[in-house]
Amino acid sequence: MKYNALKGIQDILPPDVYIWQSIESTARSIFFKYGFREIKLPIIESTDIFTRGIGEATDIVEKEMYTFPDKADRSITLRPEGTAPAVRCYVENGLHNLPSPQKFFYTGPMFRYERPQKGRFRQFYQIGVEAFGVAQPTLDVELILMLRDFLEGIGLRELNFEVNSIGDEKCRPDYKAALMNFFGQNLDEFCPDCRRRYTTNPLRILDCKVERCIELRQGAPAVTDYLCGECREHFEGLIAGLRALGVRYTLNPNLVRGLDYYTRTTFEVTSEHLGAQKAVAAGGRYDKLIKEFGGPPTPAIGFAIGMERIVALLKEIAPAVEPEPKVFIATLGKEAEIEGFKIAGQVRAAGFWAEPNYGGASLKSQLRKADRLGAEFAFIIGENELKAGKIQWKGLKTGEQGEVEIRNITSLLTDNVKPSNP
RNA sequence: GUGGGCGUAGCUCAAAGGUAGAGUACUGGACUGUGGCUCCAGGCGUUGCGGGUUCGAUCCCCGUCGCCCACCCCA
């Protein structure tokens, strides 16, 4: 019987996992400086968290959710995204009673039942960021700035920052009507997908990739021309802030999002070095969602970073590297083996990776193993060394060899070697 | 859900109807206490699975599962 991981679900192994760790630690340190605190959220929720939060008619809810009945026949769902659970958490824990803004981030897997392809998986990881309680566009600007700091911090360049505003419940209906009026004139010339979108979500016609549709939508009304006064002011504040802080961006009036809860600001960071799924991070405002979840009306904004996609970009820049032991401890004989484990303890206490040999083997094969592991030093302990209270050390990169008293091992290392962390 | 490509050793790939091979990796040895180089030894792999055609299938056909890419949509 051969077992496979489920379709679209993969193991993450070394050395890749070291890239993941470094991304997460960079996120923690940069987000900390912006005052974002980490929270741990459950990966399963009551199904209605998502149907209510994301929207009944969205693709995610209609066809992509992992939904099961539990043993008491409650409908539960593996989270397909993090914002709805974060809002549930915010309201349930009464966090609106704390000073605004409340700023959080979280990491972990999301689940969507989709056909896998490059950059798309059924279980995929996101770093999610949410900020509650401030309506001013300065918060939007700060989030985008933090996202840029993060992406540059992990070493990514050549990314496109696209921003847009899709208005709110006051002005979006007007825009939608104008759009339908425009497309309705020659609807039968559009592709079948767009004809379907016309009724389900006409905004999506704006980012259809079919060439004919791109031609046909020339001259279509732009969302930013239909913003109400308040939304316009907000959008202008966002643009002014980005400019003032030197964030390079492009306006993309066709940037519409597939989740119902977005209002006003939407943004997306893309790379040309990925496949068709080229968004590495995306987000927007959701000013109505907290009230929808039974909390007080509270403006909020957030974004999500796609881990697999930034890992793919980083691997393109530099392949993942396997960390190497600092010291391999080769021993000859039972007594030396025990002494070897004690010495390993000293090396570790000094902050270095010590790798022992397990069980008897010839010195030759032990050194070969040390070499293949990429160890920097081999320590050799046999009968002679035990008697003398010394060890032989050998630099496997340099070929140098010498003797040192066991009690001086720590200073030998700390004086000559830099500690290495994963 | 739709379309296309691909499934042979841990990995990369041969074998184009006559019942599977190489490189690499791994382990050990040559070198009974000194790695990297070299040489030697070690794999009965249900050729993804199931059926069909054939005297005979890794190869042809059908189905199925899986992977990859694209569409839809999204991080």
# chains A, B, ... in the order shown; residues from 1 in each chain; ligands from 1
>>> select_by_dssp(residues="segment 63-298 of chain A", states="alpha helix (DSSP H)", output="PyMOL selection string")
chain A and resi 63+83-92+137-153+172-184+192-200+211-216+229-244+289-292
>>> closest_atom_pairs(of="chain A", to="chain B", cutoff="7 Å", atoms="only C-alpha atoms (C1' of nucleotides)", output="JSON lines")
{"residue": "A:Asp59", "atom": "CA", "partner": "B:C73", "partner_atom": "C1'", "distance": 6.7}
{"residue": "A:Gln117", "atom": "CA", "partner": "B:C69", "partner_atom": "C1'", "distance": 6.6}
{"residue": "A:Gln126", "atom": "CA", "partner": "B:A75", "partner_atom": "C1'", "distance": 6.6}
{"residue": "A:Ala279", "atom": "CA", "partner": "B:A75", "partner_atom": "C1'", "distance": 6.6}
{"residue": "A:Val280", "atom": "CA", "partner": "B:A75", "partner_atom": "C1'", "distance": 6.1}
{"residue": "A:Ala281", "atom": "CA", "partner": "B:A75", "partner_atom": "C1'", "distance": 5.9}
{"residue": "A:Ala304", "atom": "CA", "partner": "B:A75", "partner_atom": "C1'", "distance": 6.4}
{"residue": "A:Ile305", "atom": "CA", "partner": "B:A75", "partner_atom": "C1'", "distance": 5.8}
{"residue": "A:Gly306", "atom": "CA", "partner": "B:A75", "partner_atom": "C1'", "distance": 4.0}
{"residue": "A:Leu363", "atom": "CA", "partner": "B:G33", "partner_atom": "C1'", "distance": 6.2}
{"residue": "A:Lys364", "atom": "CA", "partner": "B:U34", "partner_atom": "C1'", "distance": 6.4}
{"residue": "A:Leu367", "atom": "CA", "partner": "B:G35", "partner_atom": "C1'", "distance": 4.7}
{"residue": "A:Arg368", "atom": "CA", "partner": "B:G35", "partner_atom": "C1'", "distance": 4.5}
{"residue": "A:Asp371", "atom": "CA", "partner": "B:G35", "partner_atom": "C1'", "distance": 5.5}
>>> residues_around(residues="Cys208 of chain A", least_positions_apart="3", cutoff="10 Å", atoms="only C-alpha atoms (C1' of nucleotides)", output="NGL selection string")
:A and (190-191 or 193-194 or 197 or 203-205 or 211-214 or 217 or 254)
>>> write_last_selection(atoms="N, CA and C atoms", output="PDB file, in the first residue's frame")
ATOM      1  N   PHE A 190     -18.682  39.652 -26.279  1.00  0.00           N
ATOM      2  CA  PHE A 190     -17.739  39.241 -25.235  1.00  0.00           C
ATOM      3  C   PHE A 190     -17.638  37.720 -25.167  1.00  0.00           C
ATOM      4  N   CYS A 191     -16.579  37.258 -24.500  1.00  0.00           N
ATOM      5  CA  CYS A 191     -16.383  35.817 -24.344  1.00  0.00           C
ATOM      6  C   CYS A 191     -17.475  35.257 -23.419  1.00  0.00           C
ATOM      7  N   ASP A 193     -17.304  33.599 -20.721  1.00  0.00           N
ATOM      8  CA  ASP A 193     -17.057  33.877 -19.306  1.00  0.00           C
ATOM      9  C   ASP A 193     -17.552  35.267 -18.935  1.00  0.00           C
ATOM     10  N   CYS A 194     -17.262  36.238 -19.814  1.00  0.00           N
ATOM     11  CA  CYS A 194     -17.658  37.609 -19.507  1.00  0.00           C
ATOM     12  C   CYS A 194     -19.175  37.781 -19.556  1.00  0.00           C
ATOM     13  N   ARG A 197     -20.160  36.716 -16.342  1.00  0.00           N
ATOM     14  CA  ARG A 197     -19.777  37.706 -15.330  1.00  0.00           C
ATOM     15  C   ARG A 197     -20.741  38.896 -15.320  1.00  0.00           C
ATOM     16  N   LEU A 203     -17.918  43.641 -12.466  1.00  0.00           N
ATOM     17  CA  LEU A 203     -16.608  44.240 -12.259  1.00  0.00           C
ATOM     18  C   LEU A 203     -15.487  43.337 -12.770  1.00  0.00           C
ATOM     19  N   ARG A 204     -15.748  42.032 -12.735  1.00  0.00           N
ATOM     20  CA  ARG A 204     -14.704  41.078 -13.123  1.00  0.00           C
ATOM     21  C   ARG A 204     -14.396  41.126 -14.619  1.00  0.00           C
ATOM     22  N   ILE A 205     -15.338  41.644 -15.409  1.00  0.00           N
ATOM     23  CA  ILE A 205     -15.066  41.768 -16.841  1.00  0.00           C
ATOM     24  C   ILE A 205     -13.841  42.649 -17.047  1.00  0.00           C
ATOM     25  N   GLU A 211      -8.277  38.738 -25.434  1.00  0.00           N
ATOM     26  CA  GLU A 211      -7.886  39.950 -26.153  1.00  0.00           C
ATOM     27  C   GLU A 211      -9.086  40.768 -26.635  1.00  0.00           C
ATOM     28  N   ARG A 212     -10.048  40.051 -27.196  1.00  0.00           N
ATOM     29  CA  ARG A 212     -11.237  40.734 -27.706  1.00  0.00           C
ATOM     30  C   ARG A 212     -11.949  41.497 -26.584  1.00  0.00           C
ATOM     31  N   CYS A 213     -12.024  40.885 -25.424  1.00  0.00           N
ATOM     32  CA  CYS A 213     -12.688  41.551 -24.296  1.00  0.00           C
ATOM     33  C   CYS A 213     -11.914  42.786 -23.861  1.00  0.00           C
ATOM     34  N   ILE A 214     -10.577  42.692 -23.943  1.00  0.00           N
ATOM     35  CA  ILE A 214      -9.755  43.846 -23.578  1.00  0.00           C
ATOM     36  C   ILE A 214     -10.069  45.020 -24.530  1.00  0.00           C
ATOM     37  N   ARG A 217     -13.549  46.571 -23.876  1.00  0.00           N
ATOM     38  CA  ARG A 217     -13.771  47.376 -22.675  1.00  0.00           C
ATOM     39  C   ARG A 217     -13.023  48.707 -22.707  1.00  0.00           C
ATOM     40  N   ASN A 254      -8.616  48.535 -12.881  1.00  0.00           N
ATOM     41  CA  ASN A 254      -9.232  47.236 -13.132  1.00  0.00           C
ATOM     42  C   ASN A 254      -8.998  46.257 -11.990  1.00  0.00           C
TER      43      ASN A 254
END
>>> residues_around(residues="segment 10-21 of chain B", least_positions_apart="6", cutoff="7 Å", atoms="only C-alpha atoms (C1' of nucleotides)", output="list in words")
G56, A57 and C59 of chain B
>>> write_last_selection(atoms="all heavy atoms", output="short mmCIF file (atom, residue, chain, number, x, y, z; two decimals), in the first residue's frame")
data_model
loop_
_atom_site.label_atom_id
_atom_site.label_comp_id
_atom_site.auth_asym_id
_atom_site.auth_seq_id
_atom_site.Cartn_x
_atom_site.Cartn_y
_atom_site.Cartn_z
P G B 56 -0.55 -13.51 -25.79
OP1 G B 56 -1.22 -13.76 -24.49
OP2 G B 56 -1.25 -12.75 -26.85
"O5'" G B 56 0.87 -12.84 -25.50
"C5'" G B 56 1.67 -13.32 -24.43
"C4'" G B 56 3.03 -12.67 -24.46
"O4'" G B 56 3.64 -12.88 -25.76
"C3'" G B 56 3.03 -11.14 -24.33
"O3'" G B 56 2.94 -10.74 -22.98
"C2'" G B 56 4.37 -10.77 -24.95
"O2'" G B 56 5.44 -11.02 -24.06
"C1'" G B 56 4.45 -11.78 -26.10
N9 G B 56 3.98 -11.21 -27.35
C8 G B 56 2.79 -11.46 -28.00
N7 G B 56 2.65 -10.80 -29.12
C5 G B 56 3.83 -10.06 -29.21
C6 G B 56 4.25 -9.15 -30.22
O6 G B 56 3.66 -8.81 -31.25
N1 G B 56 5.51 -8.62 -29.92
C2 G B 56 6.25 -8.92 -28.81
N2 G B 56 7.41 -8.30 -28.71
N3 G B 56 5.86 -9.78 -27.88
C4 G B 56 4.66 -10.30 -28.14
P A B 57 2.20 -9.37 -22.62
OP1 A B 57 2.25 -9.21 -21.16
OP2 A B 57 0.90 -9.40 -23.30
"O5'" A B 57 3.07 -8.20 -23.32
"C5'" A B 57 4.44 -7.98 -22.95
"C4'" A B 57 4.66 -6.49 -22.77
"O4'" A B 57 4.18 -5.81 -23.97
"C3'" A B 57 3.88 -5.89 -21.60
"O3'" A B 57 4.61 -4.78 -21.08
"C2'" A B 57 2.61 -5.39 -22.25
"O2'" A B 57 2.04 -4.32 -21.57
"C1'" A B 57 3.14 -4.90 -23.61
N9 A B 57 2.14 -4.88 -24.68
C8 A B 57 0.91 -5.47 -24.73
N7 A B 57 0.25 -5.23 -25.84
C5 A B 57 1.09 -4.42 -26.57
C6 A B 57 0.98 -3.81 -27.83
N6 A B 57 -0.08 -3.95 -28.62
N1 A B 57 2.02 -3.07 -28.25
C2 A B 57 3.09 -2.93 -27.47
N3 A B 57 3.32 -3.46 -26.26
C4 A B 57 2.27 -4.19 -25.87
P C B 59 2.94 -0.65 -21.87
OP1 C B 59 1.62 -0.09 -21.55
OP2 C B 59 3.10 -2.09 -22.17
"O5'" C B 59 3.56 0.15 -23.11
"C5'" C B 59 3.72 1.57 -23.04
"C4'" C B 59 4.54 2.01 -24.23
"O4'" C B 59 5.80 1.28 -24.20
"C3'" C B 59 3.89 1.71 -25.57
"O3'" C B 59 4.03 2.80 -26.45
"C2'" C B 59 4.63 0.47 -26.08
"O2'" C B 59 4.76 0.48 -27.49
"C1'" C B 59 6.00 0.64 -25.44
N1 C B 59 6.68 -0.65 -25.20
C2 C B 59 7.92 -0.85 -25.80
O2 C B 59 8.42 0.05 -26.48
N3 C B 59 8.55 -2.03 -25.61
C4 C B 59 7.98 -2.98 -24.87
N4 C B 59 8.63 -4.12 -24.72
C5 C B 59 6.71 -2.78 -24.24
C6 C B 59 6.10 -1.62 -24.44
#
>>> atom_distance(atom1="atom CA of Asn416 of chain A", atom2="atom CA of Ile19 of chain A")
27.3 Å
>>> residues_around(residues="Thr58 of chain A", least_positions_apart="5", cutoff="12 Å", atoms="only C-alpha atoms (C1' of nucleotides)", output="CSV table (one decimal) with N, CA and C atoms (P, O5', C5', C4', C3', O3' and C1' of nucleotides), in the first residue's frame")
chain,number,residue,atom,x,y,z
A,50,PHE,N,-17.7,32.0,7.1
A,50,PHE,CA,-17.2,32.3,5.7
A,50,PHE,C,-18.3,32.6,4.8
A,51,THR,N,-19.5,31.9,4.9
A,51,THR,CA,-20.5,32.3,3.9
A,51,THR,C,-21.0,33.7,4.2
A,52,ARG,N,-21.0,34.1,5.5
A,52,ARG,CA,-21.4,35.4,5.8
A,52,ARG,C,-20.4,36.4,5.5
A,53,GLY,N,-19.1,36.1,5.8
A,53,GLY,CA,-18.0,37.1,5.7
A,53,GLY,C,-17.6,37.3,4.3
A,63,LYS,N,-17.6,27.1,-4.5
A,63,LYS,CA,-17.0,25.9,-5.0
A,63,LYS,C,-15.7,25.5,-4.4
A,64,GLU,N,-15.1,26.3,-3.5
A,64,GLU,CA,-13.8,26.0,-3.1
A,64,GLU,C,-13.6,25.7,-1.6
A,65,MET,N,-14.7,25.6,-0.8
A,65,MET,CA,-14.5,25.4,0.6
A,65,MET,C,-14.5,23.9,1.0
A,80,PRO,N,-10.7,29.1,4.3
A,80,PRO,CA,-10.1,29.4,3.0
A,80,PRO,C,-9.4,30.7,3.0
A,197,ARG,N,-20.2,36.7,-16.3
A,197,ARG,CA,-19.8,37.7,-15.3
A,197,ARG,C,-20.7,38.9,-15.3
A,200,THR,N,-23.2,37.8,-12.9
A,200,THR,CA,-22.7,37.5,-11.5
A,200,THR,C,-21.9,38.6,-10.9
A,201,ASN,N,-20.9,39.1,-11.6
A,201,ASN,CA,-20.0,40.2,-11.1
A,201,ASN,C,-19.4,41.0,-12.2
A,204,ARG,N,-15.7,42.0,-12.7
A,204,ARG,CA,-14.7,41.1,-13.1
A,204,ARG,C,-14.4,41.1,-14.6
A,257,ARG,N,-11.5,42.8,-6.5
A,257,ARG,CA,-11.2,41.6,-5.7
A,257,ARG,C,-12.4,40.7,-5.7
A,258,GLY,N,-12.1,39.4,-5.4
A,258,GLY,CA,-13.1,38.4,-5.5
A,258,GLY,C,-13.9,38.2,-4.3
A,259,LEU,N,-13.6,38.9,-3.2
A,259,LEU,CA,-14.3,38.7,-2.0
A,259,LEU,C,-15.2,39.9,-1.8
A,260,ASP,N,-16.4,39.6,-1.3
A,260,ASP,CA,-17.5,40.6,-1.2
A,260,ASP,C,-17.2,41.7,-0.2
A,261,TYR,N,-16.4,41.5,0.8
A,261,TYR,CA,-16.3,42.4,1.9
A,261,TYR,C,-15.5,43.6,1.6
B,73,C,P,-13.2,34.5,-13.6
B,73,C,O5',-12.6,34.2,-12.2
B,73,C,C5',-13.5,34.0,-11.1
B,73,C,C4',-12.7,33.3,-10.0
B,73,C,C3',-11.7,34.2,-9.2
B,73,C,O3',-12.4,34.9,-8.2
B,73,C,C1',-10.7,32.1,-9.7
B,74,C,P,-11.6,36.1,-7.5
B,74,C,O5',-10.3,35.4,-6.9
B,74,C,C5',-10.2,35.4,-5.5
B,74,C,C4',-9.0,34.4,-5.1
B,74,C,C3',-7.8,35.0,-4.6
B,74,C,O3',-7.9,35.2,-3.2
B,74,C,C1',-7.2,33.6,-6.3
>>> select_by_dssp(residues="segment 2-113 of chain A", states="strand (DSSP E or B)", output="list of chain:residue names")
A:Arg37, A:Glu38, A:Ile44, A:Glu45, A:Ser46, A:Tyr66, A:Thr67, A:Phe68, A:Pro69, A:Ser75, A:Ile76, A:Thr77, A:Leu78, A:Gln102, A:Lys103, A:Phe104, A:Phe105, A:Tyr106, A:Thr107, A:Gly108, A:Pro109, A:Met110, A:Phe111
>>> residues_around(residues="G43 of chain B", least_positions_apart="2", cutoff="12 Å", atoms="only C-alpha atoms (C1' of nucleotides)", output="list in words")
A9, G10, C26 and G45 of chain B
>>> residues_around(residues="Glu324 of chain A", least_positions_apart="3", cutoff="7 Å", atoms="only C-alpha atoms (C1' of nucleotides)", output="ChimeraX atom specification")
/A:373-375
>>> atom_distance(atom1="atom CA of Ile391 of chain A", atom2="atom CA of Gly351 of chain A")
19.3 Å
>>> atom_distance(atom1="atom CA of Ile30 of chain A", atom2="atom CA of Phe150 of chain A")
6.4 Å
>>> decode(residues="segment 20-47 of chain B", atoms="N, CA and C atoms (P, O5', C5', C4', C3', O3' and C1' of nucleotides)", output="CSV table (one decimal), in the first residue's frame")
chain,number,residue,atom,x,y,z
B,20,A,P,13.2,-8.3,-18.0
B,20,A,O5',14.3,-7.2,-18.1
B,20,A,C5',13.9,-6.0,-18.7
B,20,A,C4',15.0,-5.0,-18.8
B,20,A,C3',16.1,-5.0,-17.8
B,20,A,O3',17.3,-5.5,-18.3
B,20,A,C1',14.8,-3.0,-17.7
B,21,G,P,18.6,-5.6,-17.4
B,21,G,O5',19.2,-4.1,-17.4
B,21,G,C5',20.5,-3.9,-17.7
B,21,G,C4',20.7,-2.4,-18.1
B,21,G,C3',21.5,-1.6,-17.0
B,21,G,O3',22.9,-1.8,-17.1
B,21,G,C1',19.7,-0.4,-18.0
B,22,A,P,23.8,-1.3,-15.9
B,22,A,O5',23.9,0.3,-16.2
B,22,A,C5',24.7,0.8,-17.2
B,22,A,C4',24.6,2.3,-17.3
B,22,A,C3',25.0,3.1,-16.0
B,22,A,O3',26.4,3.2,-16.0
B,22,A,C1',23.0,4.0,-17.0
B,23,G,P,27.1,3.6,-14.6
B,23,G,O5',26.7,5.1,-14.4
B,23,G,C5',27.3,6.1,-15.2
B,23,G,C4',26.6,7.5,-14.9
B,23,G,C3',26.7,7.9,-13.5
B,23,G,O3',28.0,8.5,-13.2
B,23,G,C1',24.5,8.2,-14.2
B,24,U,P,28.6,8.5,-11.7
B,24,U,O5',27.5,9.2,-10.8
B,24,U,C5',27.3,10.6,-10.9
B,24,U,C4',26.1,11.0,-10.0
B,24,U,C3',26.1,10.6,-8.6
B,24,U,O3',26.9,11.6,-7.8
B,24,U,C1',24.0,10.1,-9.5
B,25,A,P,27.6,11.1,-6.4
B,25,A,O5',26.3,10.8,-5.5
B,25,A,C5',25.5,11.9,-5.0
B,25,A,C4',24.3,11.4,-4.3
B,25,A,C3',24.6,10.4,-3.1
B,25,A,O3',24.9,11.2,-1.9
B,25,A,C1',23.0,9.4,-4.4
B,26,C,P,26.0,10.6,-0.9
B,26,C,O5',25.2,9.3,-0.3
B,26,C,C5',24.0,9.5,0.4
B,26,C,C4',23.4,8.1,0.8
B,26,C,C3',24.4,7.2,1.4
B,26,C,O3',24.4,7.4,2.8
B,26,C,C1',23.3,6.0,-0.3
B,27,U,P,25.9,7.3,3.6
B,27,U,O5',26.1,5.7,3.7
B,27,U,C5',25.2,5.0,4.5
B,27,U,C4',25.5,3.5,4.4
B,27,U,C3',27.0,3.2,4.5
B,27,U,O3',27.4,3.1,5.9
B,27,U,C1',26.1,2.0,2.7
B,28,G,P,29.0,3.4,6.2
B,28,G,O5',29.7,2.2,5.7
B,28,G,C5',29.6,0.9,6.3
B,28,G,C4',30.2,-0.2,5.5
B,28,G,C3',31.7,-0.1,5.2
B,28,G,O3',32.5,-0.5,6.2
B,28,G,C1',30.5,-0.7,3.2
B,29,G,P,34.0,0.0,6.4
B,29,G,O5',34.7,-0.7,5.2
B,29,G,C5',34.9,-2.1,5.2
B,29,G,C4',35.5,-2.6,3.9
B,29,G,C3',36.8,-2.1,3.5
B,29,G,O3',37.9,-2.8,4.2
B,29,G,C1',35.4,-2.0,1.7
B,30,A,P,39.3,-2.2,4.5
B,30,A,O5',39.9,-2.1,3.0
B,30,A,C5',40.2,-3.3,2.3
B,30,A,C4',40.8,-3.0,1.0
B,30,A,C3',42.0,-2.0,1.1
B,30,A,O3',43.2,-2.7,1.3
B,30,A,C1',40.5,-1.3,-0.6
B,31,C,P,44.5,-2.0,1.9
B,31,C,O5',44.0,-1.3,3.3
B,31,C,C5',44.9,-0.8,4.2
B,31,C,C4',44.4,0.6,4.7
B,31,C,C3',43.0,0.5,5.3
B,31,C,O3',42.9,0.8,6.7
B,31,C,C1',43.2,2.3,3.7
B,32,U,P,43.7,0.2,7.8
B,32,U,O5',42.7,0.4,9.0
B,32,U,C5',41.5,-0.3,9.1
B,32,U,C4',41.5,-1.1,10.4
B,32,U,C3',42.2,-0.5,11.6
B,32,U,O3',41.4,0.4,12.3
B,32,U,C1',42.6,-2.9,11.3
B,33,G,P,41.8,1.4,13.3
B,33,G,O5',41.5,2.7,12.5
B,33,G,C5',42.3,3.3,11.7
B,33,G,C4',42.6,4.7,12.2
B,33,G,C3',44.0,5.2,11.9
B,33,G,O3',43.9,6.2,11.0
B,33,G,C1',43.2,5.7,14.1
B,34,U,P,44.5,6.1,9.5
B,34,U,O5',43.7,7.3,8.7
B,34,U,C5',42.3,7.2,8.4
B,34,U,C4',41.9,8.7,8.2
B,34,U,C3',42.8,9.5,7.3
B,34,U,O3',42.0,10.2,6.4
B,34,U,C1',42.5,10.5,9.4
B,35,G,P,41.7,9.6,4.9
B,35,G,O5',40.4,10.4,4.6
B,35,G,C5',39.1,9.7,4.9
B,35,G,C4',38.0,10.7,4.7
B,35,G,C3',38.1,11.3,3.3
B,35,G,O3',37.4,10.5,2.3
B,35,G,C1',37.6,13.0,4.9
B,36,G,P,38.0,10.4,0.8
B,36,G,O5',37.5,11.7,0.2
B,36,G,C5',36.1,12.1,0.1
B,36,G,C4',36.0,13.5,-0.4
B,36,G,C3',36.7,13.7,-1.8
B,36,G,O3',35.8,14.2,-2.7
B,36,G,C1',37.5,15.2,-0.1
B,37,C,P,35.3,13.2,-3.9
B,37,C,O5',36.6,12.8,-4.7
B,37,C,C5',37.3,13.8,-5.6
B,37,C,C4',38.5,13.1,-6.2
B,37,C,C3',38.3,11.7,-6.7
B,37,C,O3',37.6,11.7,-8.0
B,37,C,C1',40.3,11.8,-5.5
B,38,U,P,36.7,10.5,-8.4
B,38,U,O5',37.7,9.3,-8.5
B,38,U,C5',38.7,9.3,-9.5
B,38,U,C4',39.5,8.0,-9.3
B,38,U,C3',38.7,6.7,-9.3
B,38,U,O3',38.4,6.3,-10.6
B,38,U,C1',40.3,6.7,-7.5
B,39,C,P,37.1,5.5,-10.9
B,39,C,O5',37.4,4.1,-10.3
B,39,C,C5',38.4,3.3,-10.9
B,39,C,C4',38.7,2.1,-10.0
B,39,C,C3',37.5,1.2,-9.6
B,39,C,O3',37.1,0.3,-10.7
B,39,C,C1',38.7,1.6,-7.7
B,40,C,P,35.6,-0.2,-10.8
B,40,C,O5',35.5,-1.1,-9.6
B,40,C,C5',36.2,-2.3,-9.5
B,40,C,C4',35.9,-3.0,-8.2
B,40,C,C3',34.5,-3.3,-7.9
B,40,C,O3',34.0,-4.5,-8.6
B,40,C,C1',35.5,-2.5,-6.0
B,41,A,P,32.5,-4.6,-9.0
B,41,A,O5',31.8,-4.9,-7.6
B,41,A,C5',32.1,-6.1,-6.9
B,41,A,C4',31.5,-6.1,-5.5
B,41,A,C3',30.0,-5.8,-5.5
B,41,A,O3',29.2,-7.0,-5.8
B,41,A,C1',31.0,-4.5,-3.9
B,42,G,P,27.8,-6.9,-6.5
B,42,G,O5',26.9,-6.2,-5.3
B,42,G,C5',26.6,-7.0,-4.2
B,42,G,C4',25.8,-6.2,-3.2
B,42,G,C3',24.6,-5.5,-3.7
B,42,G,O3',23.5,-6.5,-3.7
B,42,G,C1',25.8,-3.9,-2.5
B,43,G,P,22.5,-6.6,-4.9
B,43,G,O5',21.6,-5.3,-4.8
B,43,G,C5',20.6,-5.2,-3.9
B,43,G,C4',19.4,-4.6,-4.5
B,43,G,C3',19.0,-5.2,-5.8
B,43,G,O3',18.2,-6.3,-5.7
B,43,G,C1',18.9,-2.8,-5.9
B,44,C,P,18.1,-7.4,-6.7
B,44,C,O5',17.0,-6.8,-7.7
B,44,C,C5',15.7,-6.6,-7.3
B,44,C,C4',14.8,-7.6,-7.9
B,44,C,C3',13.4,-7.6,-7.3
B,44,C,O3',12.6,-6.6,-7.9
B,44,C,C1',14.3,-9.8,-7.2
B,45,G,P,11.3,-6.4,-8.2
B,45,G,O5',10.7,-5.4,-7.2
B,45,G,C5',11.5,-4.4,-6.6
B,45,G,C4',11.5,-3.0,-7.4
B,45,G,C3',10.3,-2.8,-8.3
B,45,G,O3',9.3,-2.1,-7.6
B,45,G,C1',12.4,-2.1,-9.3
B,46,U,P,7.9,-2.7,-7.5
B,46,U,O5',7.5,-3.2,-9.0
B,46,U,C5',7.7,-4.6,-9.3
B,46,U,C4',6.4,-5.3,-9.6
B,46,U,C3',5.5,-4.4,-10.5
B,46,U,O3',5.8,-4.7,-11.9
B,46,U,C1',4.2,-5.3,-8.7
B,47,U,P,6.1,-3.6,-13.0
B,47,U,O5',6.3,-2.2,-12.3
B,47,U,C5',5.5,-1.0,-12.7
B,47,U,C4',6.4,0.0,-13.5
B,47,U,C3',5.6,0.7,-14.5
B,47,U,O3',5.7,2.1,-14.2
B,47,U,C1',7.7,-0.1,-15.3
